[in-house]
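Asks: I'd like to ask you about the structure that follows.
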Amino acid sequence: MATKKFELLDVASGKKTDLPVRSGTIGPDVVDIGALNKDHGVFTFDPGFMATASTESKITYIDGDAGVLMYRGYPIEQLAAHSSFVEVAYLLLNGELPDHNQLAEFNVNIQRHTMINESLLRMFNGFHYNAHPMAQVSAIVASMSAFYHDSMDIYNPRHREIFAHRIIAKLPTIAAAAYKHSLGQPFIYPRNDLGYCANLLHMFYAVPCEPYHIDPLAAQALDLLLILHADHEQNASTSTVRLAGSTGANPYAAISAGVSALWGPAHGGANEAVLEMLEEIGTVDNIPKFLAQVKDKTSNVKLMGFGHRVYKNFDPRAKIIREMCHKVLAKMGRADNPLLELAQRLEEIALNDEYFVSRKLYPNVDYYSGIIYSALGIPRSLFTVMFAIARTAGWVSHWQEMIGDPGMKIGRPRQLYTGPGKREYVDISKRG
């Protein structure tokens, strides 16, 4: 129960209202403005929801000023060092880390539900060969609702669990099928004897005419990337999943909506934009000129991969991923990768430039992730798809939390209307 109050004074009427202040486990308090319209006839105005807590959640905590990210209370640094993506997915879904038996059972549930219906697989042939993979993934995920009528009661906890396991298991298969379709290669079926990331690499790169050997470091790097991207509180795509799901829509529709929201270059496409930026810079010698353009507000040139909407300090995920980036490039014989050299030098110069330091523009997770994906042979068009595979664990966790909340309400933001006032209809013959 709220014990603190926030006193609001309506200057025009002199009326005072006490608004309850709610406190979480950690983090800033929030002011409950639920009665504001009823008592004062006004709404709050917060474009982009910069200062609005849209929901209560127990899943992920971020302290942007301190550079802290925790899943269910566990620091991302510890999970990245000791856990696996499958274990992290279990944690996000269930709230606690699993014991040996629980993890083994969960892992089997994921491994043995990776195949997709052959009718779904044939749907890929309806896409043009160069259709964007995100368009394919979004459409196929939404189409899954046509195949599982017997387990889509969103108010049935067992059905929710089946859905969670099913979508986490099958999304890599869907992503790989989209990739194979773009290449004109045969679809590769999943293997139950492989781990989550090894299976994903197998479906991406194996061909029927020769064996494919999975590089353990590639699987490890991919697993780390999935952990770091698994959830990030109430971001645009997660909020989209919650908003769509609040209508009572089937869960596949809600996740498909999240995939579409993630597609935006300001959200899931940022790591692709980083590589494009580095290629435009070209060489280390061009960095000073590029940074001068960034500082020129009339140039519209942006420094991609630096800064974050939430983090006002160093993105904790960037420190972790930077180390893995060096490992991957060294192991794969690409330690002299010119993009990495350029990225390192750009980071070094920017972090010693007062313009960027004063604005707390530090490298974020997207800065190095695109370079790792490229080293693994994943094309840029698939970068956001890889993000979606990881973020599905978070999306489903938030959807489950929302649907299981007895107080759930359909999302319905309001607006500040600035259009015409009431006016009378004029017959078309009289319009000048």
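Residues are referred to by chain and number: the chain letter is A, B, ... according to the order shown in the structure tokens, the number counts from 1 in that chain, and ligands are numbered separately from 1 in the order shown.
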Under the rule of at most 12 Å, produce a per-residue listing of stretch 262-345 of chain A near stretch 65-84 of chain A: chain, number, name, the closest pair of atoms, and the distance in Å, as CSV, using only C-alpha atoms.

Replies:
```
residue,atom,partner,partner_atom,distance
A:Gly307,CA,A:Gly67,CA,11.5
A:His308,CA,A:Gly67,CA,10.6
A:Arg309,CA,A:Asp65,CA,11.1
A:Val310,CA,A:Asp65,CA,8.1
A:Tyr311,CA,A:Gly67,CA,6.0
A:Lys312,CA,A:Asp65,CA,4.8
A:Asn313,CA,A:Gly67,CA,5.2
A:Phe314,CA,A:Gly67,CA,5.6
A:Asp315,CA,A:Gly67,CA,5.6
A:Pro316,CA,A:Gly67,CA,5.7
A:Arg317,CA,A:Ile76,CA,7.5
A:Ala318,CA,A:Gly67,CA,10.3
A:Lys319,CA,A:Glu77,CA,9.2
A:Ile320,CA,A:Glu77,CA,7.3
A:Ile321,CA,A:Ala80,CA,9.5
A:Glu323,CA,A:Ala81,CA,11.6
A:Met324,CA,A:Ala80,CA,10.8
```

Asks: Skip A:Ala164 itself and residues of its chain fewer than 3 positions away, then list as a list in words all residues within 10 Å of it, counting only C-alpha atoms.

Replies: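 Everything that qualifies: Ala89, Leu93, Ile110, Arg158, His159, Arg160, Glu161, Ile167, Ile168, Ala169, Pro251, Tyr252, Thr392, Ala393, Trp395, Val396, Ser397, Trp399 and Gln400 of chain A.
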
Asks: Store the residues picked out above in a file with N, CA, C and O atoms, as a CSV table (one decimal), in the first residue's frame.

Replies:
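Saved as selection_7.csv:
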```
chain,number,residue,atom,x,y,z
A,89,ALA,N,16.1,-17.7,-20.3
A,89,ALA,CA,14.7,-17.7,-20.7
A,89,ALA,C,13.8,-18.3,-19.6
A,89,ALA,O,12.7,-17.8,-19.3
A,93,LEU,N,10.8,-16.3,-17.5
A,93,LEU,CA,9.4,-16.8,-17.6
A,93,LEU,C,8.9,-17.2,-16.2
A,93,LEU,O,7.7,-17.0,-15.9
A,110,ILE,N,12.1,-27.3,-25.1
A,110,ILE,CA,12.5,-26.4,-26.1
A,110,ILE,C,13.1,-27.1,-27.3
A,110,ILE,O,12.7,-26.9,-28.5
A,158,ARG,N,-1.9,-23.4,-18.3
A,158,ARG,CA,-1.2,-24.4,-19.0
A,158,ARG,C,-1.0,-24.1,-20.5
A,158,ARG,O,0.0,-24.3,-21.1
A,159,HIS,N,-2.1,-23.4,-21.1
A,159,HIS,CA,-2.0,-23.0,-22.4
A,159,HIS,C,-0.9,-21.9,-22.6
A,159,HIS,O,-0.2,-21.9,-23.6
A,160,ARG,N,-0.8,-21.0,-21.6
A,160,ARG,CA,0.2,-20.0,-21.7
A,160,ARG,C,1.6,-20.6,-21.7
A,160,ARG,O,2.5,-20.1,-22.3
A,161,GLU,N,1.8,-21.6,-20.8
A,161,GLU,CA,3.1,-22.3,-20.8
A,161,GLU,C,3.4,-23.0,-22.1
A,161,GLU,O,4.5,-22.9,-22.6
A,167,ILE,N,6.8,-20.9,-28.9
A,167,ILE,CA,7.3,-19.8,-29.6
A,167,ILE,C,8.8,-19.6,-29.5
A,167,ILE,O,9.5,-19.3,-30.4
A,168,ILE,N,9.3,-19.8,-28.2
A,168,ILE,CA,10.8,-19.7,-28.0
A,168,ILE,C,11.5,-20.8,-28.8
A,168,ILE,O,12.6,-20.6,-29.4
A,169,ALA,N,10.9,-22.0,-28.9
A,169,ALA,CA,11.5,-23.1,-29.6
A,169,ALA,C,11.5,-22.9,-31.1
A,169,ALA,O,12.5,-23.2,-31.8
A,251,PRO,N,-1.9,-14.9,-28.4
A,251,PRO,CA,-0.5,-14.5,-28.1
A,251,PRO,C,0.4,-14.4,-29.3
A,251,PRO,O,1.4,-13.6,-29.4
A,252,TYR,N,0.1,-15.2,-30.4
A,252,TYR,CA,0.9,-15.1,-31.6
A,252,TYR,C,0.8,-13.8,-32.3
A,252,TYR,O,1.7,-13.2,-32.8
A,392,THR,N,12.2,-12.5,-27.8
A,392,THR,CA,11.0,-13.3,-27.6
A,392,THR,C,10.8,-13.8,-26.2
A,392,THR,O,9.7,-13.8,-25.6
A,393,ALA,N,11.9,-14.2,-25.6
A,393,ALA,CA,11.9,-14.6,-24.2
A,393,ALA,C,11.3,-13.5,-23.3
A,393,ALA,O,10.5,-13.8,-22.4
A,395,TRP,N,9.5,-10.8,-24.3
A,395,TRP,CA,8.1,-10.5,-24.7
A,395,TRP,C,7.1,-11.5,-24.1
A,395,TRP,O,6.1,-11.0,-23.6
A,396,VAL,N,7.4,-12.7,-24.2
A,396,VAL,CA,6.5,-13.7,-23.6
A,396,VAL,C,6.4,-13.6,-22.1
A,396,VAL,O,5.3,-13.7,-21.6
A,397,SER,N,7.5,-13.3,-21.5
A,397,SER,CA,7.5,-13.1,-20.0
A,397,SER,C,6.6,-12.0,-19.6
A,397,SER,O,5.8,-12.1,-18.7
A,399,TRP,N,4.1,-10.7,-21.5
A,399,TRP,CA,2.8,-11.0,-21.9
A,399,TRP,C,2.1,-11.9,-20.8
A,399,TRP,O,1.0,-11.7,-20.4
A,400,GLN,N,2.9,-12.9,-20.3
A,400,GLN,CA,2.4,-13.8,-19.3
A,400,GLN,C,2.1,-13.0,-18.0
A,400,GLN,O,1.0,-13.2,-17.4
```

Asks: Excluding A:His40 and residues on its chain fewer than 6 positions from it, collect all residues at most 12 Å away from it, counting only C-alpha atoms, and give them as a list of chain:residue names.

Replies: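 Contacts, in chain order: A:Leu8, A:Leu9, A:Asp10, A:Val11, A:Ala12, A:Ser13, A:Gly14, A:Lys15, A:Lys16, A:Thr17, A:Asp18, A:Leu19, A:Ile33, A:Gly34.
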
Asks: Take the residues from that selection and put them in a file with all heavy atoms, as a compact mmCIF listing (two decimals), in the first residue's frame.

Replies:
```
# COMPACT_ATOMS: atom_id res chain seq x y z
N LEU A 8 -1.04 17.91 -5.19
CA LEU A 8 -1.21 18.64 -6.43
C LEU A 8 -2.11 19.85 -6.17
O LEU A 8 -3.20 19.71 -5.61
CB LEU A 8 -1.85 17.75 -7.50
CG LEU A 8 -2.15 18.41 -8.84
CD1 LEU A 8 -0.86 18.72 -9.59
CD2 LEU A 8 -3.03 17.51 -9.70
N LEU A 9 -1.67 21.03 -6.57
CA LEU A 9 -2.45 22.25 -6.40
C LEU A 9 -2.92 22.74 -7.76
O LEU A 9 -2.12 22.98 -8.66
CB LEU A 9 -1.60 23.34 -5.73
CG LEU A 9 -2.23 24.74 -5.66
CD1 LEU A 9 -3.50 24.71 -4.80
CD2 LEU A 9 -1.24 25.76 -5.13
N ASP A 10 -4.24 22.84 -7.93
CA ASP A 10 -4.84 23.43 -9.12
C ASP A 10 -4.88 24.94 -8.89
O ASP A 10 -5.72 25.44 -8.12
CB ASP A 10 -6.24 22.86 -9.33
CG ASP A 10 -6.85 23.33 -10.65
OD1 ASP A 10 -6.47 24.41 -11.12
OD2 ASP A 10 -7.72 22.61 -11.18
N VAL A 11 -3.98 25.67 -9.53
CA VAL A 11 -3.86 27.11 -9.28
C VAL A 11 -5.15 27.84 -9.64
O VAL A 11 -5.57 28.78 -8.95
CB VAL A 11 -2.68 27.69 -10.08
CG1 VAL A 11 -2.59 29.21 -9.88
CG2 VAL A 11 -1.38 27.03 -9.67
N ALA A 12 -5.81 27.42 -10.71
CA ALA A 12 -7.03 28.11 -11.16
C ALA A 12 -8.15 28.02 -10.13
O ALA A 12 -8.83 29.01 -9.84
CB ALA A 12 -7.49 27.53 -12.49
N SER A 13 -8.35 26.84 -9.56
CA SER A 13 -9.46 26.66 -8.63
C SER A 13 -9.03 26.69 -7.18
O SER A 13 -9.88 26.82 -6.28
CB SER A 13 -10.16 25.31 -8.91
OG SER A 13 -9.27 24.24 -8.62
N GLY A 14 -7.74 26.55 -6.93
CA GLY A 14 -7.25 26.49 -5.56
C GLY A 14 -7.46 25.13 -4.91
O GLY A 14 -7.15 24.95 -3.74
N LYS A 15 -7.93 24.16 -5.70
CA LYS A 15 -8.21 22.83 -5.15
C LYS A 15 -6.92 22.02 -5.03
O LYS A 15 -6.10 22.00 -5.93
CB LYS A 15 -9.20 22.10 -6.06
CG LYS A 15 -9.58 20.71 -5.58
CD LYS A 15 -10.55 20.05 -6.55
CE LYS A 15 -10.92 18.65 -6.09
NZ LYS A 15 -11.86 18.00 -7.04
N LYS A 16 -6.78 21.37 -3.88
CA LYS A 16 -5.63 20.50 -3.66
C LYS A 16 -6.07 19.04 -3.72
O LYS A 16 -7.15 18.69 -3.27
CB LYS A 16 -4.99 20.79 -2.30
CG LYS A 16 -4.35 22.17 -2.18
CD LYS A 16 -3.69 22.34 -0.83
CE LYS A 16 -3.01 23.70 -0.72
NZ LYS A 16 -2.36 23.89 0.61
N THR A 17 -5.20 18.23 -4.29
CA THR A 17 -5.47 16.80 -4.37
C THR A 17 -4.24 16.03 -3.94
O THR A 17 -3.13 16.36 -4.36
CB THR A 17 -5.83 16.39 -5.82
OG1 THR A 17 -6.96 17.15 -6.25
CG2 THR A 17 -6.17 14.91 -5.90
N ASP A 18 -4.45 15.03 -3.10
CA ASP A 18 -3.35 14.15 -2.71
C ASP A 18 -3.33 12.94 -3.63
O ASP A 18 -4.29 12.17 -3.69
CB ASP A 18 -3.52 13.68 -1.26
CG ASP A 18 -3.21 14.78 -0.25
OD1 ASP A 18 -2.42 15.67 -0.61
OD2 ASP A 18 -3.74 14.74 0.87
N LEU A 19 -2.24 12.80 -4.38
CA LEU A 19 -2.07 11.65 -5.25
C LEU A 19 -1.16 10.64 -4.57
O LEU A 19 -0.11 10.99 -4.06
CB LEU A 19 -1.44 12.08 -6.59
CG LEU A 19 -2.23 13.12 -7.40
CD1 LEU A 19 -1.42 13.53 -8.63
CD2 LEU A 19 -3.58 12.56 -7.83
N ILE A 33 -1.62 8.69 -10.94
CA ILE A 33 -2.46 9.79 -11.43
C ILE A 33 -3.82 9.30 -11.91
O ILE A 33 -4.51 9.99 -12.66
CB ILE A 33 -1.75 10.56 -12.56
CG1 ILE A 33 -1.46 9.60 -13.74
CG2 ILE A 33 -0.48 11.21 -12.06
CD1 ILE A 33 -0.98 10.30 -14.99
N GLY A 34 -4.19 8.10 -11.47
CA GLY A 34 -5.44 7.50 -11.96
C GLY A 34 -6.67 8.35 -11.75
O GLY A 34 -7.61 8.32 -12.55
```

Asks: Within 12 Å of A:Asp223, counting only C-alpha atoms, which residues show up once you throw out same-chain ones fewer than 5 positions away? Write them as an MDAnalysis selection string, please.

Replies: chainID A and resid 79:89 195:201 216:218 228:230 321 324 372:373 386:387 389:390

Asks: DSSP on the backbone: which residues in stretch 261-386 of chain A end up as helix (DSSP H, G or I)? Give the answer as a ChimeraX atom specification.

Replies: /A:261-262,270-281,284-295,316-331,338-351,354-358,366-375,380-386

Asks: With C-alpha atoms retained, could you export that selection as an mmCIF file, in the first residue's frame?

Replies:
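Contents of selection_18.cif, freshly written:
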```cif
data_model
loop_
_atom_site.group_PDB
_atom_site.id
_atom_site.type_symbol
_atom_site.label_atom_id
_atom_site.label_comp_id
_atom_site.auth_asym_id
_atom_site.auth_seq_id
_atom_site.Cartn_x
_atom_site.Cartn_y
_atom_site.Cartn_z
ATOM 1 C CA ALA A 261 7.775 -2.825 -33.702
ATOM 2 C CA LEU A 262 11.308 -4.169 -33.375
ATOM 3 C CA ALA A 270 20.508 0.101 -34.660
ATOM 4 C CA ASN A 271 23.386 -2.388 -34.988
ATOM 5 C CA GLU A 272 22.908 -2.504 -38.749
ATOM 6 C CA ALA A 273 23.080 1.289 -38.794
ATOM 7 C CA VAL A 274 26.390 1.151 -36.901
ATOM 8 C CA LEU A 275 28.023 -0.944 -39.625
ATOM 9 C CA GLU A 276 26.667 1.367 -42.305
ATOM 10 C CA MET A 277 28.106 4.329 -40.410
ATOM 11 C CA LEU A 278 31.543 2.694 -40.102
ATOM 12 C CA GLU A 279 31.580 1.889 -43.813
ATOM 13 C CA GLU A 280 30.657 5.495 -44.631
ATOM 14 C CA ILE A 281 33.533 6.745 -42.456
ATOM 15 C CA VAL A 284 40.533 5.982 -39.281
ATOM 16 C CA ASP A 285 41.826 9.151 -40.944
ATOM 17 C CA ASN A 286 38.253 10.224 -41.710
ATOM 18 C CA ILE A 287 37.083 10.049 -38.080
ATOM 19 C CA PRO A 288 37.830 13.714 -37.167
ATOM 20 C CA LYS A 289 35.909 14.954 -40.185
ATOM 21 C CA PHE A 290 32.999 12.637 -39.392
ATOM 22 C CA LEU A 291 32.814 13.715 -35.735
ATOM 23 C CA ALA A 292 32.865 17.360 -36.817
ATOM 24 C CA GLN A 293 29.810 16.646 -38.960
ATOM 25 C CA VAL A 294 28.114 14.951 -35.999
ATOM 26 C CA LYS A 295 28.629 18.080 -33.904
ATOM 27 C CA PRO A 316 26.615 -2.536 -19.091
ATOM 28 C CA ARG A 317 25.963 -4.857 -22.034
ATOM 29 C CA ALA A 318 28.502 -2.990 -24.183
ATOM 30 C CA LYS A 319 31.396 -3.871 -21.842
ATOM 31 C CA ILE A 320 30.502 -7.571 -22.016
ATOM 32 C CA ILE A 321 29.979 -7.708 -25.749
ATOM 33 C CA ARG A 322 33.188 -5.826 -26.541
ATOM 34 C CA GLU A 323 35.286 -8.610 -24.982
ATOM 35 C CA MET A 324 33.423 -11.270 -26.954
ATOM 36 C CA CYS A 325 33.897 -9.277 -30.144
ATOM 37 C CA HIS A 326 37.677 -9.524 -29.756
ATOM 38 C CA LYS A 327 37.488 -13.269 -29.055
ATOM 39 C CA VAL A 328 35.362 -13.989 -32.103
ATOM 40 C CA LEU A 329 37.478 -11.981 -34.508
ATOM 41 C CA ALA A 330 40.732 -13.421 -33.153
ATOM 42 C CA LYS A 331 39.472 -17.021 -33.342
ATOM 43 C CA PRO A 338 39.275 -2.976 -40.591
ATOM 44 C CA LEU A 339 35.780 -2.320 -39.240
ATOM 45 C CA LEU A 340 36.835 -3.417 -35.748
ATOM 46 C CA GLU A 341 39.953 -1.266 -35.899
ATOM 47 C CA LEU A 342 37.812 1.651 -37.032
ATOM 48 C CA ALA A 343 35.210 0.958 -34.330
ATOM 49 C CA GLN A 344 37.873 0.839 -31.611
ATOM 50 C CA ARG A 345 39.471 4.065 -32.750
ATOM 51 C CA LEU A 346 36.142 5.850 -33.087
ATOM 52 C CA GLU A 347 35.192 4.750 -29.574
ATOM 53 C CA GLU A 348 38.541 5.906 -28.195
ATOM 54 C CA ILE A 349 38.333 9.337 -29.820
ATOM 55 C CA ALA A 350 34.671 9.898 -28.923
ATOM 56 C CA LEU A 351 35.222 8.930 -25.282
ATOM 57 C CA GLU A 354 34.387 16.694 -24.285
ATOM 58 C CA TYR A 355 31.422 17.177 -26.623
ATOM 59 C CA PHE A 356 30.382 13.539 -26.330
ATOM 60 C CA VAL A 357 31.541 13.010 -22.732
ATOM 61 C CA SER A 358 29.503 15.985 -21.489
ATOM 62 C CA ASP A 366 24.499 -2.188 -30.684
ATOM 63 C CA TYR A 367 27.959 -0.764 -31.253
ATOM 64 C CA TYR A 368 29.715 -4.136 -31.283
ATOM 65 C CA SER A 369 26.902 -6.630 -31.858
ATOM 66 C CA GLY A 370 26.732 -5.975 -35.601
ATOM 67 C CA ILE A 371 30.452 -6.675 -35.975
ATOM 68 C CA ILE A 372 30.032 -10.027 -34.183
ATOM 69 C CA TYR A 373 27.066 -10.976 -36.355
ATOM 70 C CA SER A 374 29.083 -10.138 -39.453
ATOM 71 C CA ALA A 375 31.998 -12.256 -38.222
ATOM 72 C CA ARG A 380 22.651 -7.518 -42.111
ATOM 73 C CA SER A 381 19.080 -8.190 -43.141
ATOM 74 C CA LEU A 382 19.028 -10.869 -40.412
ATOM 75 C CA PHE A 383 20.429 -8.698 -37.601
ATOM 76 C CA THR A 384 16.992 -7.604 -36.387
ATOM 77 C CA VAL A 385 15.694 -11.154 -36.738
ATOM 78 C CA MET A 386 18.441 -12.315 -34.361
#
```

Asks: I want to know what sits within 12 Å of A:Asp29, based on only C-alpha atoms, with residues of the same chain fewer than 5 positions away left out; could you give that as number ranges by chain?

Replies: A: 2-6, 20-24, 51-53, 56

Asks: Would you mind telling me which residue in A:Ser246, A:Thr283, A:Thr298, A:Asn192 lies nearest to A:Val108 when using only C-alpha atoms?

Replies: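 Checking each of A:Ser246, A:Thr283, A:Thr298, A:Asn192 against A:Val108, counting only C-alpha atoms, the winner is A:Asn192.
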
Asks: Looking at A:Thr25, A:Lys422, A:Pro172, A:Ile227, which one is nearest to A:His202, with distances taken over only C-alpha atoms?

Replies: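 That would be A:Pro172, the residue with the smallest distance to A:His202.
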
Asks: With distances taken over only C-alpha atoms, which of A:Tyr179, A:Tyr189, A:Phe147, A:Phe204 is nearest to A:Ala131?

Replies: A:Tyr179

Asks: Please return as an mmCIF file with N, CA, C and O atoms, in the first residue's frame: the residues of stretch 13-196 of chain A that backbone DSSP assigns to strand (DSSP E).

Replies:
```cif
data_model
loop_
_atom_site.group_PDB
_atom_site.id
_atom_site.type_symbol
_atom_site.label_atom_id
_atom_site.label_comp_id
_atom_site.auth_asym_id
_atom_site.auth_seq_id
_atom_site.Cartn_x
_atom_site.Cartn_y
_atom_site.Cartn_z
ATOM 1 N N LYS A 16 -6.784 21.365 -3.885
ATOM 2 C CA LYS A 16 -5.631 20.504 -3.661
ATOM 3 C C LYS A 16 -6.067 19.042 -3.723
ATOM 4 O O LYS A 16 -7.146 18.686 -3.273
ATOM 5 N N THR A 17 -5.198 18.232 -4.288
ATOM 6 C CA THR A 17 -5.471 16.803 -4.372
ATOM 7 C C THR A 17 -4.239 16.033 -3.944
ATOM 8 O O THR A 17 -3.125 16.361 -4.359
ATOM 9 N N ASP A 18 -4.448 15.029 -3.105
ATOM 10 C CA ASP A 18 -3.353 14.152 -2.709
ATOM 11 C C ASP A 18 -3.330 12.944 -3.632
ATOM 12 O O ASP A 18 -4.294 12.167 -3.693
ATOM 13 N N LEU A 19 -2.238 12.799 -4.377
ATOM 14 C CA LEU A 19 -2.071 11.655 -5.255
ATOM 15 C C LEU A 19 -1.164 10.636 -4.573
ATOM 16 O O LEU A 19 -0.106 10.992 -4.057
ATOM 17 N N PRO A 20 -1.571 9.370 -4.547
ATOM 18 C CA PRO A 20 -0.734 8.359 -3.886
ATOM 19 C C PRO A 20 0.591 8.167 -4.596
ATOM 20 O O PRO A 20 0.666 8.220 -5.837
ATOM 21 N N VAL A 21 1.639 7.966 -3.815
ATOM 22 C CA VAL A 21 2.968 7.690 -4.344
ATOM 23 C C VAL A 21 3.283 6.225 -4.064
ATOM 24 O O VAL A 21 3.183 5.766 -2.934
ATOM 25 N N ARG A 22 3.636 5.501 -5.096
ATOM 26 C CA ARG A 22 3.916 4.073 -4.967
ATOM 27 C C ARG A 22 5.416 3.830 -5.105
ATOM 28 O O ARG A 22 6.081 4.443 -5.942
ATOM 29 N N VAL A 30 6.737 6.284 -8.099
ATOM 30 C CA VAL A 30 5.826 6.749 -9.145
ATOM 31 C C VAL A 30 4.604 7.372 -8.495
ATOM 32 O O VAL A 30 4.169 6.957 -7.416
ATOM 33 N N VAL A 31 4.071 8.387 -9.149
ATOM 34 C CA VAL A 31 2.863 9.062 -8.679
ATOM 35 C C VAL A 31 1.671 8.455 -9.411
ATOM 36 O O VAL A 31 1.629 8.445 -10.640
ATOM 37 N N THR A 60 12.307 -7.069 -15.141
ATOM 38 C CA THR A 60 13.610 -6.458 -15.439
ATOM 39 C C THR A 60 13.721 -5.087 -14.807
ATOM 40 O O THR A 60 12.762 -4.319 -14.799
ATOM 41 N N TYR A 61 14.906 -4.788 -14.287
ATOM 42 C CA TYR A 61 15.157 -3.484 -13.684
ATOM 43 C C TYR A 61 16.352 -2.821 -14.368
ATOM 44 O O TYR A 61 17.373 -3.457 -14.601
ATOM 45 N N ILE A 62 16.204 -1.565 -14.692
ATOM 46 C CA ILE A 62 17.272 -0.770 -15.289
ATOM 47 C C ILE A 62 17.486 0.493 -14.456
ATOM 48 O O ILE A 62 16.531 1.170 -14.090
ATOM 49 N N ASP A 63 18.737 0.791 -14.153
ATOM 50 C CA ASP A 63 19.116 2.082 -13.586
ATOM 51 C C ASP A 63 20.017 2.736 -14.614
ATOM 52 O O ASP A 63 21.200 2.395 -14.733
ATOM 53 N N VAL A 68 22.993 0.017 -14.775
ATOM 54 C CA VAL A 68 22.631 -1.267 -14.172
ATOM 55 C C VAL A 68 21.504 -1.908 -14.969
ATOM 56 O O VAL A 68 20.531 -1.253 -15.345
ATOM 57 N N LEU A 69 21.636 -3.211 -15.235
ATOM 58 C CA LEU A 69 20.585 -4.009 -15.860
ATOM 59 C C LEU A 69 20.486 -5.325 -15.108
ATOM 60 O O LEU A 69 21.492 -6.025 -14.937
ATOM 61 N N MET A 70 19.279 -5.657 -14.633
ATOM 62 C CA MET A 70 19.073 -6.903 -13.897
ATOM 63 C C MET A 70 17.850 -7.625 -14.437
ATOM 64 O O MET A 70 16.821 -7.004 -14.699
ATOM 65 N N TYR A 71 17.962 -8.945 -14.607
ATOM 66 C CA TYR A 71 16.821 -9.805 -14.912
ATOM 67 C C TYR A 71 16.401 -10.508 -13.626
ATOM 68 O O TYR A 71 17.187 -11.244 -13.035
ATOM 69 N N TYR A 74 18.932 -10.455 -10.919
ATOM 70 C CA TYR A 74 20.292 -10.909 -11.182
ATOM 71 C C TYR A 74 20.992 -9.951 -12.145
ATOM 72 O O TYR A 74 20.492 -9.690 -13.249
ATOM 73 N N PRO A 75 22.163 -9.419 -11.768
ATOM 74 C CA PRO A 75 22.894 -8.505 -12.661
ATOM 75 C C PRO A 75 23.241 -9.179 -13.978
ATOM 76 O O PRO A 75 23.612 -10.355 -14.013
#
```
